[in-house]
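Asks: File query-v5.tsv below, TSV, C-alpha atoms:
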chain	number	residue	atom	x	y	z
M	13	MET	CA	63.02	-40.17	-54.18
M	14	SER	CA	60.63	-43.14	-54.06
M	15	HIS	CA	61.84	-46.72	-54.42
M	16	ALA	CA	60.14	-47.04	-57.81
M	17	ALA	CA	61.78	-43.84	-59.02
M	18	VAL	CA	65.18	-45.06	-57.85
M	19	LEU	CA	64.65	-48.30	-59.75
M	20	THR	CA	63.64	-46.38	-62.89
M	21	VAL	CA	66.72	-44.17	-62.68
M	22	ARG	CA	68.89	-47.25	-62.17
M	23	GLY	CA	67.23	-48.84	-65.18
M	24	ILE	CA	68.04	-45.81	-67.32
M	25	ILE	CA	71.65	-45.67	-66.09
M	26	ARG	CA	72.11	-49.39	-66.74
M	27	GLY	CA	71.70	-49.15	-70.49
M	28	ILE	CA	70.45	-47.07	-73.36
M	29	HIS	CA	67.59	-48.85	-75.07
M	30	LEU	CA	67.90	-48.71	-78.82
M	31	SER	CA	64.84	-48.40	-81.04
M	32	MET	CA	63.96	-52.05	-81.48
M	33	ALA	CA	60.86	-54.15	-81.83
M	34	ASP	CA	60.97	-54.97	-78.12
M	35	ASP	CA	63.31	-54.50	-75.17
M	36	SER	CA	64.95	-57.90	-75.41
M	37	PHE	CA	68.42	-56.55	-76.13
M	38	PRO	CA	69.26	-53.33	-74.24
M	39	VAL	CA	72.74	-52.04	-74.96
M	40	GLY	CA	75.01	-50.69	-72.26
M	41	ARG	CA	77.29	-51.97	-69.54
M	42	SER	CA	76.54	-54.70	-67.07
M	43	SER	CA	75.41	-53.36	-63.69
M	44	ARG	CA	77.87	-53.50	-60.81
M	45	GLU	CA	75.58	-55.81	-58.85
M	46	GLU	CA	75.33	-58.20	-61.78
M	47	SER	CA	79.06	-58.14	-62.47
M	48	ASP	CA	79.65	-58.93	-58.81
M	49	LEU	CA	77.21	-61.83	-58.98
M	50	VAL	CA	78.92	-63.26	-62.07
M	51	ARG	CA	82.32	-62.88	-60.40
M	52	ARG	CA	81.10	-64.78	-57.33
M	53	ILE	CA	79.73	-67.60	-59.49
M	54	ARG	CA	83.05	-67.83	-61.32
M	55	GLN	CA	84.83	-68.03	-57.97
M	56	GLY	CA	82.82	-71.07	-57.00
M	57	GLU	CA	79.44	-69.91	-55.67
M	58	THR	CA	77.75	-72.09	-58.27
M	59	GLU	CA	74.35	-72.09	-56.55
M	60	ARG	CA	73.99	-68.36	-57.20
M	61	PHE	CA	73.68	-69.05	-60.92
M	62	ALA	CA	70.05	-69.86	-60.08
M	63	GLU	CA	69.54	-66.12	-59.47
M	64	LEU	CA	70.61	-65.37	-63.05
M	65	ILE	CA	68.30	-68.08	-64.39
M	66	ASP	CA	65.35	-66.71	-62.39
M	67	ARG	CA	66.11	-63.23	-63.62
M	68	TYR	CA	66.50	-64.01	-67.32
M	69	GLN	CA	64.51	-67.13	-68.19
M	70	ARG	CA	61.54	-65.10	-69.43
M	71	HIS	CA	63.91	-63.03	-71.57
M	72	VAL	CA	65.48	-66.16	-73.05
M	73	GLY	CA	62.02	-67.73	-73.38
M	74	ARG	CA	60.86	-64.80	-75.51
M	75	ILE	CA	63.81	-65.17	-77.87
M	76	VAL	CA	63.71	-68.96	-78.13
M	77	GLY	CA	59.91	-69.14	-78.24
M	78	ARG	CA	59.82	-67.10	-81.44
M	79	ARG	CA	62.42	-69.22	-83.18
M	80	VAL	CA	61.85	-72.90	-82.54
M	81	PRO	CA	58.80	-75.19	-82.40
M	82	ALA	CA	56.86	-74.96	-79.12
M	83	ASP	CA	57.70	-78.53	-78.11
M	84	ARG	CA	61.45	-77.75	-78.20
M	85	VAL	CA	61.38	-74.40	-76.36
M	86	ARG	CA	62.02	-75.77	-72.86
M	87	GLU	CA	64.91	-77.96	-74.02
M	88	LEU	CA	66.58	-75.06	-75.82
M	89	ILE	CA	66.16	-72.61	-72.91
M	90	HIS	CA	67.85	-75.24	-70.75
M	91	GLU	CA	70.66	-75.54	-73.30
M	92	VAL	CA	71.12	-71.75	-73.43
M	93	PHE	CA	71.63	-71.51	-69.65
M	94	VAL	CA	73.98	-74.49	-69.52
M	95	LYS	CA	76.05	-72.91	-72.34
M	96	ALA	CA	76.02	-69.60	-70.46
M	97	TYR	CA	77.31	-71.30	-67.32
M	98	VAL	CA	80.01	-73.23	-69.19
M	99	ASN	CA	81.18	-70.06	-70.98
M	100	LEU	CA	80.80	-67.68	-68.04
M	101	ALA	CA	84.55	-67.03	-68.03
M	102	GLN	CA	84.16	-65.36	-71.45
M	103	PHE	CA	81.58	-62.86	-70.21
M	104	SER	CA	82.88	-59.31	-70.16
M	105	ASP	CA	81.41	-56.44	-68.13
M	106	SER	CA	81.47	-54.23	-71.22
M	107	VAL	CA	78.04	-55.55	-72.27
M	108	PRO	CA	74.94	-56.27	-70.17
M	109	PHE	CA	74.56	-59.90	-69.14
M	110	GLU	CA	71.17	-60.15	-70.86
M	111	HIS	CA	72.67	-58.99	-74.16
M	112	TRP	CA	75.43	-61.60	-73.88
M	113	LEU	CA	72.78	-64.20	-73.02
M	114	ALA	CA	70.64	-63.10	-75.98
M	115	GLY	CA	73.58	-63.81	-78.29
M	116	ILE	CA	73.86	-67.34	-76.90
M	117	ALA	CA	70.10	-67.83	-77.31
M	118	VAL	CA	70.08	-66.61	-80.92
M	119	ARG	CA	73.06	-68.79	-81.85
M	120	THR	CA	71.57	-71.83	-80.09
M	121	CYS	CA	68.40	-71.45	-82.17
M	122	TYR	CA	70.51	-71.05	-85.30
M	123	ASP	CA	72.36	-74.27	-84.40
M	124	PHE	CA	68.99	-75.98	-83.93
M	125	TRP	CA	67.95	-75.13	-87.50
M	126	ARG	CA	71.36	-76.09	-88.87
M	127	ALA	CA	70.95	-79.53	-87.29
M	128	ARG	CA	67.44	-79.73	-88.74
M	129	ALA	CA	68.76	-78.83	-92.19
M	130	ARG	CA	71.25	-81.70	-91.97
M	131	GLU	CA	68.38	-84.07	-91.20
M	132	ASP	CA	66.86	-82.94	-94.50
M	133	VAL	CA	63.24	-82.98	-93.28
M	134	PRO	CA	60.95	-82.31	-96.29
M	135	VAL	CA	58.62	-79.30	-96.02
M	136	SER	CA	55.01	-80.24	-96.66
M	137	ALA	CA	52.87	-78.17	-99.03
M	138	LEU	CA	50.47	-75.53	-97.75
M	139	SER	CA	47.09	-76.96	-96.76
M	140	GLU	CA	43.77	-75.76	-98.21
M	141	ASP	CA	43.12	-73.81	-95.00
M	142	HIS	CA	46.37	-71.94	-95.46
M	143	GLN	CA	45.63	-71.26	-99.13
M	144	ARG	CA	42.23	-69.93	-98.09
M	145	TRP	CA	43.85	-67.74	-95.43
M	146	ILE	CA	46.11	-66.20	-98.09
M	147	GLU	CA	43.16	-65.47	-100.37
M	148	GLN	CA	41.14	-63.95	-97.52
M	149	THR	CA	44.10	-61.85	-96.38
M	150	LEU	CA	44.68	-60.47	-99.87
M	151	SER	CA	41.00	-59.66	-100.29
M	152	SER	CA	40.71	-57.90	-96.88
M	153	GLN	CA	38.47	-54.88	-97.29
M	154	SER	CA	39.48	-53.00	-94.15
M	155	ASP	CA	42.39	-52.62	-91.74
M	156	ARG	CA	40.39	-54.35	-89.04
M	157	GLN	CA	39.70	-57.33	-91.29
M	158	PHE	CA	43.42	-57.45	-92.19
M	159	ARG	CA	44.41	-57.33	-88.51
M	160	ASP	CA	41.98	-60.14	-87.68
M	161	GLN	CA	43.56	-62.24	-90.40
M	162	THR	CA	47.08	-61.64	-89.14
M	163	ALA	CA	46.08	-62.68	-85.61
M	164	LYS	CA	45.00	-66.12	-86.82
M	165	GLN	CA	47.14	-69.21	-86.31
M	166	GLU	CA	47.33	-69.62	-90.09
M	167	ALA	CA	49.51	-66.50	-90.30
M	168	ALA	CA	52.11	-68.12	-88.02
M	169	ASP	CA	51.81	-71.41	-89.91
M	170	VAL	CA	52.38	-69.83	-93.33
M	171	LEU	CA	55.35	-67.84	-92.00
M	172	GLU	CA	56.84	-70.97	-90.45
M	173	TRP	CA	56.26	-72.84	-93.72
M	174	ALA	CA	58.13	-70.11	-95.62
M	175	LEU	CA	60.97	-69.86	-93.08
M	176	ARG	CA	61.56	-73.62	-93.22
M	177	GLN	CA	62.36	-73.32	-96.89
M	178	LEU	CA	65.14	-70.83	-96.25
M	179	SER	CA	68.67	-71.80	-95.30
M	180	PRO	CA	69.40	-71.66	-91.53
M	181	GLU	CA	71.61	-68.59	-92.14
M	182	ASN	CA	68.90	-66.75	-94.08
M	183	ARG	CA	66.31	-67.75	-91.53
M	184	ALA	CA	68.40	-66.42	-88.62
M	185	VAL	CA	69.09	-63.08	-90.31
M	186	LEU	CA	65.56	-62.60	-91.65
M	187	THR	CA	64.08	-63.29	-88.22
M	188	LEU	CA	66.39	-60.81	-86.51
M	189	VAL	CA	66.38	-58.01	-89.05
M	190	HIS	CA	63.03	-58.16	-90.85
M	191	LEU	CA	60.78	-59.72	-88.22
M	192	ASP	CA	62.27	-58.61	-84.89
M	193	GLY	CA	63.36	-55.26	-86.34
M	194	TYR	CA	66.96	-55.22	-85.13
M	195	SER	CA	69.57	-53.24	-86.99
M	196	VAL	CA	72.20	-55.01	-89.08
M	197	ARG	CA	74.82	-54.06	-86.48
M	198	GLU	CA	72.81	-55.56	-83.62
M	199	ALA	CA	72.10	-58.71	-85.62
M	200	ALA	CA	75.81	-59.05	-86.41
M	201	GLN	CA	76.67	-58.73	-82.72
M	202	LEU	CA	74.12	-61.32	-81.70
M	203	LEU	CA	75.12	-63.83	-84.34
M	204	GLY	CA	78.83	-63.11	-84.05
M	205	TRP	CA	79.05	-62.51	-87.80
M	206	THR	CA	80.56	-59.62	-89.76
M	207	LEU	CA	78.44	-56.58	-90.65
M	208	VAL	CA	78.90	-57.20	-94.38
M	209	ASN	CA	77.84	-60.82	-94.08
M	210	VAL	CA	74.64	-59.88	-92.23
M	211	LYS	CA	73.88	-57.02	-94.61
M	212	VAL	CA	74.23	-59.23	-97.69
M	213	ARG	CA	72.29	-62.07	-96.08
M	214	ALA	CA	69.50	-59.76	-94.93
M	215	TYR	CA	68.99	-58.60	-98.51
M	216	ARG	CA	69.21	-62.09	-100.02
M	217	ALA	CA	66.99	-63.63	-97.34
M	218	ARG	CA	64.25	-61.12	-97.99
M	219	GLN	CA	64.51	-61.63	-101.74
M	220	ALA	CA	64.30	-65.39	-101.21
M	221	MET	CA	61.23	-65.00	-99.01
M	222	ARG	CA	59.52	-62.70	-101.52
M	223	ALA	CA	60.32	-65.07	-104.39
M	224	LEU	CA	58.74	-67.87	-102.38
M	225	LEU	CA	55.59	-65.83	-101.71
M	226	ARG	CA	55.43	-64.79	-105.38
M	227	HIS	CA	55.70	-68.42	-106.46
M	228	THR	CA	52.96	-69.42	-103.99
M	229	LEU	CA	50.63	-66.71	-105.28
M	230	THR	CA	51.29	-67.69	-108.89
M	231	GLU	CA	50.60	-71.35	-108.12
M	232	SER	CA	47.39	-70.61	-106.23
M	233	ALA	CA	46.26	-68.39	-109.13
M	234	HIS	CA	46.80	-71.33	-111.50
M	235	ASP	CA	45.10	-73.81	-109.18
M	236	GLY	CA	42.21	-71.44	-108.45
M	237	PRO	CA	38.80	-71.47	-110.10
N	4	MET	CA	55.35	-59.86	-112.88
N	5	THR	CA	52.76	-57.09	-112.83
N	6	ASP	CA	52.37	-54.26	-110.32
N	7	HIS	CA	49.24	-55.98	-109.09
N	8	ASP	CA	51.21	-59.16	-108.30
N	9	GLU	CA	53.93	-57.16	-106.53
N	10	LYS	CA	51.25	-55.47	-104.46
N	11	SER	CA	49.92	-58.88	-103.45
N	12	VAL	CA	53.41	-60.02	-102.44
N	13	ASN	CA	53.81	-56.84	-100.36
N	14	THR	CA	50.44	-57.38	-98.68
N	15	LEU	CA	51.18	-61.01	-97.89
N	16	GLU	CA	54.63	-60.13	-96.57
N	17	ARG	CA	53.15	-57.45	-94.30
N	18	ALA	CA	50.49	-59.88	-93.07
N	19	LEU	CA	53.15	-62.43	-92.13
N	20	ILE	CA	55.24	-59.82	-90.29
N	21	ASP	CA	52.17	-58.51	-88.42
N	22	GLY	CA	51.18	-62.09	-87.64
N	23	TYR	CA	54.66	-62.74	-86.25
N	24	HIS	CA	54.36	-59.75	-83.93
N	25	SER	CA	50.89	-60.70	-82.70
N	26	GLN	CA	52.05	-64.28	-82.02
N	27	SER	CA	55.17	-62.98	-80.27
N	28	ARG	CA	53.05	-61.48	-77.52
N	29	VAL	CA	52.37	-65.00	-76.29
N	30	SER	CA	55.05	-65.41	-73.64
N	31	HIS	CA	56.67	-68.70	-72.78
N	32	THR	CA	56.61	-69.00	-69.02
N	33	VAL	CA	58.90	-71.94	-68.49
N	34	ASP	CA	60.75	-72.54	-65.24
N	35	VAL	CA	64.01	-74.29	-66.00
N	36	THR	CA	65.93	-73.19	-62.90
N	37	HIS	CA	65.72	-76.55	-61.15
N	38	ASP	CA	66.70	-78.55	-64.25
N	39	VAL	CA	69.60	-76.29	-65.21
N	40	MET	CA	71.00	-76.24	-61.69
N	41	ARG	CA	70.77	-80.03	-61.53
N	42	THR	CA	72.78	-80.27	-64.78
N	43	ILE	CA	75.35	-77.80	-63.46
N	44	ARG	CA	75.70	-79.64	-60.13
N	45	ARG	CA	76.14	-82.92	-61.95
N	46	SER	CA	78.85	-81.39	-64.13
N	47	ALA	CA	80.54	-79.96	-61.04
N	48	THR	CA	80.69	-83.38	-59.37
N	49	GLU	CA	82.05	-84.91	-62.55
N	50	GLY	CA	84.85	-82.37	-62.43
N	51	SER	CA	84.30	-80.50	-65.65
N	52	PRO	CA	81.50	-78.47	-67.25
N	53	TRP	CA	79.45	-80.94	-69.24
N	54	THR	CA	77.70	-80.41	-72.52
N	55	PRO	CA	78.01	-82.67	-75.55
N	56	ALA	CA	79.28	-79.71	-77.58
N	57	ALA	CA	81.94	-78.80	-75.02
N	58	VAL	CA	83.16	-82.39	-74.77
N	59	LEU	CA	83.23	-82.74	-78.56
N	60	ASP	CA	85.09	-79.43	-78.91
N	61	GLN	CA	87.70	-80.50	-76.37
N	62	LEU	CA	88.12	-83.88	-78.04
N	63	VAL	CA	88.53	-82.36	-81.51
N	64	TRP	CA	91.04	-79.74	-80.33
N	65	ARG	CA	93.10	-82.20	-78.30
N	66	THR	CA	93.22	-84.72	-81.14
N	67	ALA	CA	94.18	-82.00	-83.63
N	68	THR	CA	96.92	-80.64	-81.33
N	69	ILE	CA	98.44	-84.07	-80.64
N	70	THR	CA	98.31	-85.02	-84.34
N	71	ALA	CA	99.94	-81.75	-85.35
N	72	ALA	CA	102.71	-82.22	-82.75
N	73	VAL	CA	103.40	-85.80	-83.91
N	74	VAL	CA	103.46	-84.80	-87.58
N	75	LEU	CA	105.77	-81.87	-86.87
N	76	THR	CA	108.20	-84.02	-84.86
N	77	ALA	CA	108.20	-86.74	-87.53
N	78	ALA	CA	108.81	-84.14	-90.26
N	79	VAL	CA	111.73	-82.58	-88.37
N	80	LEU	CA	113.32	-85.98	-87.68
N	81	THR	CA	112.86	-87.13	-91.29
N	82	VAL	CA	114.43	-83.98	-92.70
N	83	GLY	CA	117.28	-84.21	-90.18
N	84	LEU	CA	118.09	-87.85	-90.98
N	85	TRP	CA	117.75	-87.80	-94.74
N	86	ARG	CA	119.15	-84.39	-95.60
N	87	PRO	CA	122.46	-84.81	-97.60
N	88	PRO	CA	125.38	-83.03	-95.93
N	89	THR	CA	125.74	-79.57	-97.42
N	90	GLU	CA	128.91	-78.63	-95.56
N	91	GLU	CA	132.25	-80.33	-95.53
N	92	SER	CA	133.06	-82.30	-92.45
N	93	PRO	CA	135.49	-80.44	-90.11
N	94	VAL	CA	137.76	-83.51	-90.13
N	95	LEU	CA	138.04	-83.45	-93.92
N	96	VAL	CA	138.78	-79.72	-93.95
N	97	ALA	CA	141.49	-80.18	-91.35
N	98	GLU	CA	143.08	-83.02	-93.31
N	99	GLU	CA	143.00	-80.94	-96.45
N	100	LEU	CA	144.70	-78.03	-94.73
N	101	GLU	CA	147.37	-80.30	-93.30
N	102	SER	CA	148.13	-81.78	-96.73
N	103	VAL	CA	148.73	-78.36	-98.29
N	104	PRO	CA	152.26	-77.17	-97.65
N	105	PHE	CA	152.61	-73.78	-96.11
N	106	PHE	CA	153.90	-71.01	-98.30
N	107	GLY	CA	157.62	-71.10	-98.43
N	108	GLU	CA	157.96	-74.66	-97.10
Would you kindly transcribe this structure into structure tokens?
Replies:
Amino acid sequence: MSHAAVLTVRGIIRGIHLSMADDSFPVGRSSREESDLVRRIRQGETERFAELIDRYQRHVGRIVGRRVPADRVRELIHEVFVKAYVNLAQFSDSVPFEHWLAGIAVRTCYDFWRARAREDVPVSALSEDHQRWIEQTLSSQSDRQFRDQTAKQEAADVLEWALRQLSPENRAVLTLVHLDGYSVREAAQLLGWTLVNVKVRAYRARQAMRALLRHTLTESAHDGP
Amino acid sequence: MTDHDEKSVNTLERALIDGYHSQSRVSHTVDVTHDVMRTIRRSATEGSPWTPAAVLDQLVWRTATITAAVVLTAAVLTVGLWRPPTEESPVLVAEELESVPFFGE
């Protein structure tokens, strides 16, 4: 068997990948090699934690990069790894290390927005460019035109504008369930919340988002020509 | 709210979700290994894992534990000192028994 094939087989054995939006959170057990590495770090080989950072910083970067402003990504990735090191004693081999790390990353981003909510930063209104983007998106005549619209920066800006008006809890759940496409169970595991809590929040968060969009459309219809 | 309006909300919602996925493809290639290891080494030389949250957590828990212990001790002592005697003193009972003549005496 070739080296690549061996690696593929090992990858399959390591964890069953659930049907998700991406492969950020595979579910399964931690590999023996990884468990051994974590054990050695716990026993005092601190410098070997660098291997875990090298291995997973892109993974953490993907999670954090989608959730916080670009200028805070580096700081939060740093925070995630420091938290992981501090709490390494709590890591159990029953889950893959990257899944455990993903939970820390998701909760760190949630804490970031909770802190922001306490600061009570006002959300500015949508600019004319963003209003125009909404109108052009709604009047798209073809799939290609629609896709081109969604690839524009305005799409991310309008989404961010809407997310900032949700509570940190609703934002966290909506991002995981409705945007990333994770199941309620997976979202509950990552956030460390109960299934019922996530299920109720997922429904309410989506309703809140749709009410916001409805209000925006109504206002732009009134303001329009 | 008309069906037409609901359709617009659906379209806008789908556009935002699609936009999120297309933006998500932009990866954040940040190398934090050096910085994180420096923080960890610093915490190791200081003797305990350092993060503001960890320090705050420890402080809160220690303060709460000490306060609870002090309150509990004070409560036990107060109850012990001020509780009115509910039983007769053994001396009084003995005296009482002595003063009662035995049957037949």
Asks: Residues near Ile146 in chain M, anyone? I mean within 12 Å using all atoms listed in the file, not counting same-chain ones fewer than 6 positions away, as an MDAnalysis selection string.
Replies: (chainID M and resid 138:140 152 158 161:162 164 166:171 225:226 228:229 232:233) or (chainID N and resid 11:12 14:19)
Asks: With a distance threshold of 7 Å and counting only C-alpha atoms, extract the residues of chain N near chain M and express them as number ranges by chain.
Replies: N: 11-12, 14-15, 18-23, 25, 27, 30-33, 35-36, 39-40, 52
Asks: Write out as a PyMOL selection string which residues come within 9 Å of range 42-52 of chain M when counting only C-alpha atoms, dropping same-chain ones fewer than 2 positions away.
Replies: chain M and resi 25-27+40+54-58+60-61+63-64+100-101+103-110
Asks: Quick one: pull the distance between CA of Trp125 in chain M and CA of Pro180 in chain M, Å, one decimal.
Replies: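 CA of Pro180 in chain M lies at a distance of 5.5 Å from CA of Trp125 in chain M.
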Asks: Box along x, y and z, 6 Å on every side, all listed atoms of range 204-221 of chain M inside: centre and edge lengths in Å to one decimal, as JSON.
Replies:
{"center_x": 70.9, "center_y": -61.0, "center_z": -92.9, "size_x": 31.3, "size_y": 20.8, "size_z": 29.7}
Asks: What does the structure give for the distance between CA of Ile43 in chain N and CA of Ala96 in chain M, in Å to one decimal?
Replies: 10.8 Å
